$ cat structure32.cif   # mmCIF, N, CA and C atoms and all ligand atoms
data_my_file
loop_
_atom_site.label_atom_id
_atom_site.label_comp_id
_atom_site.auth_asym_id
_atom_site.auth_seq_id
_atom_site.Cartn_x
_atom_site.Cartn_y
_atom_site.Cartn_z
N MET I 1 128.76 154.68 118.16
CA MET I 1 127.58 153.95 118.66
C MET I 1 127.53 154.10 120.18
N ALA I 2 126.56 154.82 120.65
CA ALA I 2 126.42 155.05 122.09
C ALA I 2 125.80 153.84 122.78
N GLN I 3 126.42 153.43 123.88
CA GLN I 3 125.86 152.33 124.65
C GLN I 3 125.09 152.88 125.83
N GLN I 4 124.00 152.23 126.15
CA GLN I 4 123.14 152.66 127.25
C GLN I 4 122.29 151.46 127.65
N TRP I 5 121.60 151.56 128.82
CA TRP I 5 120.67 150.49 129.16
C TRP I 5 119.46 150.62 128.25
N GLY I 6 119.07 149.53 127.67
CA GLY I 6 117.90 149.57 126.80
C GLY I 6 117.40 148.17 126.52
N LEU I 7 116.30 148.12 125.81
CA LEU I 7 115.62 146.85 125.53
C LEU I 7 116.19 146.15 124.30
N CYS I 8 116.19 144.82 124.36
CA CYS I 8 116.67 144.02 123.24
C CYS I 8 115.88 144.32 121.95
N LYS I 9 114.59 144.56 122.07
CA LYS I 9 113.78 144.73 120.86
C LYS I 9 114.17 145.96 120.05
N SER I 10 114.95 146.86 120.63
CA SER I 10 115.42 148.01 119.86
C SER I 10 116.95 148.05 119.79
N CYS I 11 117.58 146.87 119.90
CA CYS I 11 119.05 146.77 119.91
C CYS I 11 119.55 146.09 118.64
N MET I 12 120.65 146.62 118.07
CA MET I 12 121.20 146.02 116.85
C MET I 12 121.88 144.68 117.10
N TRP I 13 122.10 144.33 118.37
CA TRP I 13 122.73 143.04 118.70
C TRP I 13 121.71 141.95 118.97
N TRP I 14 120.46 142.24 118.82
CA TRP I 14 119.41 141.23 119.00
C TRP I 14 119.21 140.55 117.64
N GLN I 15 119.36 139.25 117.61
CA GLN I 15 119.21 138.50 116.35
C GLN I 15 118.04 137.55 116.48
N ILE I 16 117.08 137.69 115.58
CA ILE I 16 115.83 136.92 115.67
C ILE I 16 115.60 136.11 114.39
N GLU I 17 114.59 135.26 114.43
CA GLU I 17 114.25 134.43 113.27
C GLU I 17 113.89 135.33 112.07
N PRO I 18 114.12 134.84 110.85
CA PRO I 18 113.90 135.67 109.66
C PRO I 18 112.52 136.32 109.56
N THR I 19 111.48 135.63 110.02
CA THR I 19 110.13 136.18 109.88
C THR I 19 109.51 136.56 111.22
N ALA I 20 110.29 136.59 112.29
CA ALA I 20 109.75 136.88 113.63
C ALA I 20 109.31 138.34 113.74
N ASN I 21 108.27 138.56 114.54
CA ASN I 21 107.83 139.92 114.84
C ASN I 21 108.76 140.53 115.88
N ILE I 22 108.95 141.82 115.81
CA ILE I 22 109.70 142.55 116.84
C ILE I 22 108.71 142.83 117.96
N ALA I 23 108.72 141.99 119.00
CA ALA I 23 107.72 142.05 120.05
C ALA I 23 108.33 141.63 121.38
N ASP I 24 107.64 141.98 122.48
CA ASP I 24 108.14 141.70 123.84
C ASP I 24 108.46 140.22 124.04
N ALA I 25 107.59 139.33 123.56
CA ALA I 25 107.74 137.91 123.85
C ALA I 25 108.59 137.15 122.83
N THR I 26 109.03 137.82 121.79
CA THR I 26 109.85 137.14 120.77
C THR I 26 111.22 136.80 121.34
N LEU I 27 111.64 135.55 121.15
CA LEU I 27 112.96 135.13 121.63
C LEU I 27 114.01 135.34 120.56
N GLY I 28 115.15 135.84 120.99
CA GLY I 28 116.27 136.04 120.08
C GLY I 28 117.58 135.69 120.75
N PHE I 29 118.63 135.81 119.99
CA PHE I 29 120.00 135.47 120.38
C PHE I 29 120.76 136.80 120.51
N CYS I 30 121.43 137.01 121.64
CA CYS I 30 122.23 138.22 121.81
C CYS I 30 123.58 138.01 121.13
N ILE I 31 123.88 138.83 120.10
CA ILE I 31 125.14 138.65 119.36
C ILE I 31 126.14 139.77 119.65
N ASP I 32 125.92 140.50 120.75
CA ASP I 32 126.96 141.45 121.19
C ASP I 32 128.29 140.69 121.25
N GLU I 33 129.36 141.30 120.78
CA GLU I 33 130.65 140.61 120.68
C GLU I 33 131.11 139.98 121.99
N LYS I 34 130.89 140.69 123.11
CA LYS I 34 131.36 140.18 124.41
C LYS I 34 130.37 139.22 125.05
N LEU I 35 129.16 139.15 124.54
CA LEU I 35 128.14 138.29 125.15
C LEU I 35 127.80 137.07 124.31
N GLN I 36 128.15 137.07 123.02
CA GLN I 36 127.67 136.01 122.13
C GLN I 36 128.16 134.62 122.52
N SER I 37 129.34 134.51 123.17
CA SER I 37 129.84 133.18 123.54
C SER I 37 128.98 132.53 124.63
N PHE I 38 128.17 133.33 125.32
CA PHE I 38 127.28 132.79 126.37
C PHE I 38 126.00 132.21 125.78
N GLN I 39 125.76 132.39 124.49
CA GLN I 39 124.53 131.92 123.82
C GLN I 39 123.29 132.38 124.57
N LEU I 40 123.25 133.66 124.93
CA LEU I 40 122.12 134.21 125.66
C LEU I 40 120.87 134.20 124.79
N SER I 41 119.81 133.64 125.34
CA SER I 41 118.50 133.65 124.70
C SER I 41 117.69 134.73 125.39
N VAL I 42 117.37 135.78 124.67
CA VAL I 42 116.73 136.95 125.29
C VAL I 42 115.47 137.34 124.54
N SER I 43 114.45 137.75 125.31
CA SER I 43 113.18 138.17 124.72
C SER I 43 113.24 139.65 124.37
N GLY I 44 112.24 140.10 123.62
CA GLY I 44 112.20 141.49 123.20
C GLY I 44 112.20 142.47 124.34
N ASN I 45 111.59 142.08 125.47
CA ASN I 45 111.56 143.02 126.61
C ASN I 45 112.62 142.70 127.66
N SER I 46 113.66 141.91 127.27
CA SER I 46 114.88 141.83 128.08
C SER I 46 115.72 143.05 127.72
N GLY I 47 116.80 143.25 128.47
CA GLY I 47 117.65 144.39 128.16
C GLY I 47 118.94 144.35 128.95
N CYS I 48 119.86 145.26 128.61
CA CYS I 48 121.13 145.36 129.34
C CYS I 48 121.79 146.70 129.03
N ASN I 49 122.95 146.95 129.66
CA ASN I 49 123.60 148.24 129.46
C ASN I 49 124.62 148.23 128.32
N ARG I 50 124.56 147.21 127.47
CA ARG I 50 125.38 147.20 126.26
C ARG I 50 124.50 147.42 125.02
N GLN I 51 123.29 147.85 125.25
CA GLN I 51 122.34 148.04 124.15
C GLN I 51 122.82 149.14 123.21
N VAL I 52 122.68 148.90 121.91
CA VAL I 52 122.94 149.91 120.90
C VAL I 52 121.70 149.97 120.01
N GLN I 53 121.09 151.13 119.95
CA GLN I 53 119.86 151.30 119.17
C GLN I 53 120.05 150.85 117.73
N GLY I 54 119.09 150.11 117.23
CA GLY I 54 119.15 149.70 115.83
C GLY I 54 118.13 148.62 115.55
N GLU I 55 118.11 148.20 114.30
CA GLU I 55 117.23 147.12 113.87
C GLU I 55 117.86 145.79 114.24
N PRO I 56 117.04 144.79 114.60
CA PRO I 56 117.61 143.47 114.89
C PRO I 56 118.19 142.81 113.64
N ALA I 57 119.18 141.95 113.87
CA ALA I 57 119.69 141.08 112.81
C ALA I 57 118.73 139.89 112.71
N ARG I 58 118.83 139.17 111.61
CA ARG I 58 117.92 138.03 111.42
C ARG I 58 118.67 136.82 110.85
N ALA I 59 118.40 135.64 111.42
CA ALA I 59 118.95 134.39 110.90
C ALA I 59 118.17 133.22 111.49
N LYS I 60 118.00 132.18 110.68
CA LYS I 60 117.29 130.99 111.12
C LYS I 60 118.03 130.33 112.28
N GLY I 61 117.29 129.96 113.33
CA GLY I 61 117.88 129.33 114.50
C GLY I 61 118.16 130.31 115.63
N SER I 62 117.90 131.59 115.39
CA SER I 62 118.16 132.60 116.42
C SER I 62 117.21 132.48 117.61
N GLY I 63 116.01 131.94 117.36
CA GLY I 63 115.02 131.82 118.43
C GLY I 63 115.03 130.47 119.11
N ALA I 64 115.92 129.57 118.68
CA ALA I 64 116.00 128.24 119.29
C ALA I 64 116.65 128.35 120.66
N GLN I 65 116.41 127.36 121.51
CA GLN I 65 117.03 127.33 122.83
C GLN I 65 117.76 125.99 123.00
N PRO I 66 119.08 125.97 122.96
CA PRO I 66 119.94 127.14 122.76
C PRO I 66 119.91 127.62 121.31
N PRO I 67 120.32 128.89 121.09
CA PRO I 67 120.36 129.40 119.71
C PRO I 67 121.29 128.55 118.87
N THR I 68 120.87 128.25 117.63
CA THR I 68 121.71 127.45 116.72
C THR I 68 122.25 128.29 115.57
N ALA I 69 121.81 129.53 115.45
CA ALA I 69 122.30 130.41 114.38
C ALA I 69 123.69 130.92 114.70
N LYS I 70 124.43 131.27 113.66
CA LYS I 70 125.71 131.97 113.81
C LYS I 70 125.41 133.47 113.85
N PRO I 71 126.19 134.23 114.63
CA PRO I 71 126.01 135.69 114.62
C PRO I 71 126.26 136.24 113.21
N VAL I 72 125.37 137.10 112.75
CA VAL I 72 125.52 137.66 111.39
C VAL I 72 126.16 139.04 111.41
N ARG I 73 126.43 139.60 112.59
CA ARG I 73 127.15 140.88 112.67
C ARG I 73 128.40 140.70 113.51
S1 LIG I 101 121.20 141.54 125.96
FE1 LIG I 101 121.88 143.67 125.67
S2 LIG I 101 123.33 143.67 123.94
FE2 LIG I 101 122.18 141.73 123.92
S3 LIG I 101 120.47 142.08 122.50
FE3 LIG I 101 119.74 142.55 124.58
S4 LIG I 101 120.09 144.75 124.88
FE4 LIG I 101 121.30 144.09 123.10
#
$ encode --input "structure32.cif" --output "structure tokens"
Amino acid sequence: MAQQWGLCKSCMWWQIEPTANIADATLGFCIDEKLQSFQLSVSGNSGCNRQVQGEPARAKGSGAQPPTAKPVR
């Protein structure tokens, strides 16, 4: 899995609500292993250099502030 700077909306570590759209303004929970303890709430057009291309994970509470969902990956 190659890491690079990229957007949350195309990152496999972005976890969003079960029925949320994959969109710039959608809020999700970053579940990257090294970042998940910070309970980062990130929008689709946020990003970082730990991005890994993939589909977002989904769980209820991922879009809450603070996120209340458990990481599913
Ligand atoms: S903050 Fe980085 S690792 Fe976390 S979901 Fe966004 S791009 Fe992925």
$ residues_near_point --input "structure32.cif" --point "(117.5, 150.6, 130.4)" --cutoff "6 Å" --atoms "only N, CA and C atoms" --output "MDAnalysis selection string"
chainID I and resid 4:7 48
$ residues_near_ligand --input "structure32.cif" --ligand "ligand LIG 101 (chain I)" --cutoff "5 Å" --atoms "only N, CA and C atoms and all ligand atoms" --output "PyMOL selection string"
chain I and resi 6-8+11+13-14+30+47-48+50-51
$ write_last_selection --input "structure32.cif" --atoms "N, CA and C atoms" --output "compact mmCIF listing (two decimals), in the frame of the given file"
# COMPACT_ATOMS: atom_id res chain seq x y z
N GLY I 6 119.07 149.53 127.67
CA GLY I 6 117.90 149.57 126.80
C GLY I 6 117.40 148.17 126.52
N LEU I 7 116.30 148.12 125.81
CA LEU I 7 115.62 146.85 125.53
C LEU I 7 116.19 146.15 124.30
N CYS I 8 116.19 144.82 124.36
CA CYS I 8 116.67 144.02 123.24
C CYS I 8 115.88 144.32 121.95
N CYS I 11 117.58 146.87 119.90
CA CYS I 11 119.05 146.77 119.91
C CYS I 11 119.55 146.09 118.64
N TRP I 13 122.10 144.33 118.37
CA TRP I 13 122.73 143.04 118.70
C TRP I 13 121.71 141.95 118.97
N TRP I 14 120.46 142.24 118.82
CA TRP I 14 119.41 141.23 119.00
C TRP I 14 119.21 140.55 117.64
N CYS I 30 121.43 137.01 121.64
CA CYS I 30 122.23 138.22 121.81
C CYS I 30 123.58 138.01 121.13
N GLY I 47 116.80 143.25 128.47
CA GLY I 47 117.65 144.39 128.16
C GLY I 47 118.94 144.35 128.95
N CYS I 48 119.86 145.26 128.61
CA CYS I 48 121.13 145.36 129.34
C CYS I 48 121.79 146.70 129.03
N ARG I 50 124.56 147.21 127.47
CA ARG I 50 125.38 147.20 126.26
C ARG I 50 124.50 147.42 125.02
N GLN I 51 123.29 147.85 125.25
CA GLN I 51 122.34 148.04 124.15
C GLN I 51 122.82 149.14 123.21
$ closest_residue --input "structure32.cif" --among "I:Thr68, I:Gln53, I:Ser62, I:Ser43" --to "Leu27 (chain I)" --atoms "only C-alpha atoms"
I:Ser43
$ atom_distance --input "structure32.cif" --atom1 "CA of Ile22 (chain I)" --atom2 "atom C of Ser41 (chain I)"
14.1 Å
$ select_by_dssp --input "structure32.cif" --residues "chain I" --states "helix (DSSP H, G or I)" --output "MDAnalysis selection string"
chainID I and resid 8:10 36:38
$ write_last_selection --input "structure32.cif" --atoms "N, CA and C atoms" --output "tab-separated table (two decimals), in the frame of the given file"
chain	number	residue	atom	x	y	z
I	8	CYS	N	116.19	144.82	124.36
I	8	CYS	CA	116.67	144.02	123.24
I	8	CYS	C	115.88	144.32	121.95
I	9	LYS	N	114.59	144.56	122.07
I	9	LYS	CA	113.78	144.73	120.86
I	9	LYS	C	114.17	145.96	120.05
I	10	SER	N	114.95	146.86	120.63
I	10	SER	CA	115.42	148.01	119.86
I	10	SER	C	116.95	148.05	119.79
I	36	GLN	N	128.15	137.07	123.02
I	36	GLN	CA	127.67	136.01	122.13
I	36	GLN	C	128.16	134.62	122.52
I	37	SER	N	129.34	134.51	123.17
I	37	SER	CA	129.84	133.18	123.54
I	37	SER	C	128.98	132.53	124.63
I	38	PHE	N	128.17	133.33	125.32
I	38	PHE	CA	127.28	132.79	126.37
I	38	PHE	C	126.00	132.21	125.78
$ atom_distance --input "structure32.cif" --atom1 "CA of Met12 (chain I)" --atom2 "CA of Ala57 (chain I)"
6.6 Å
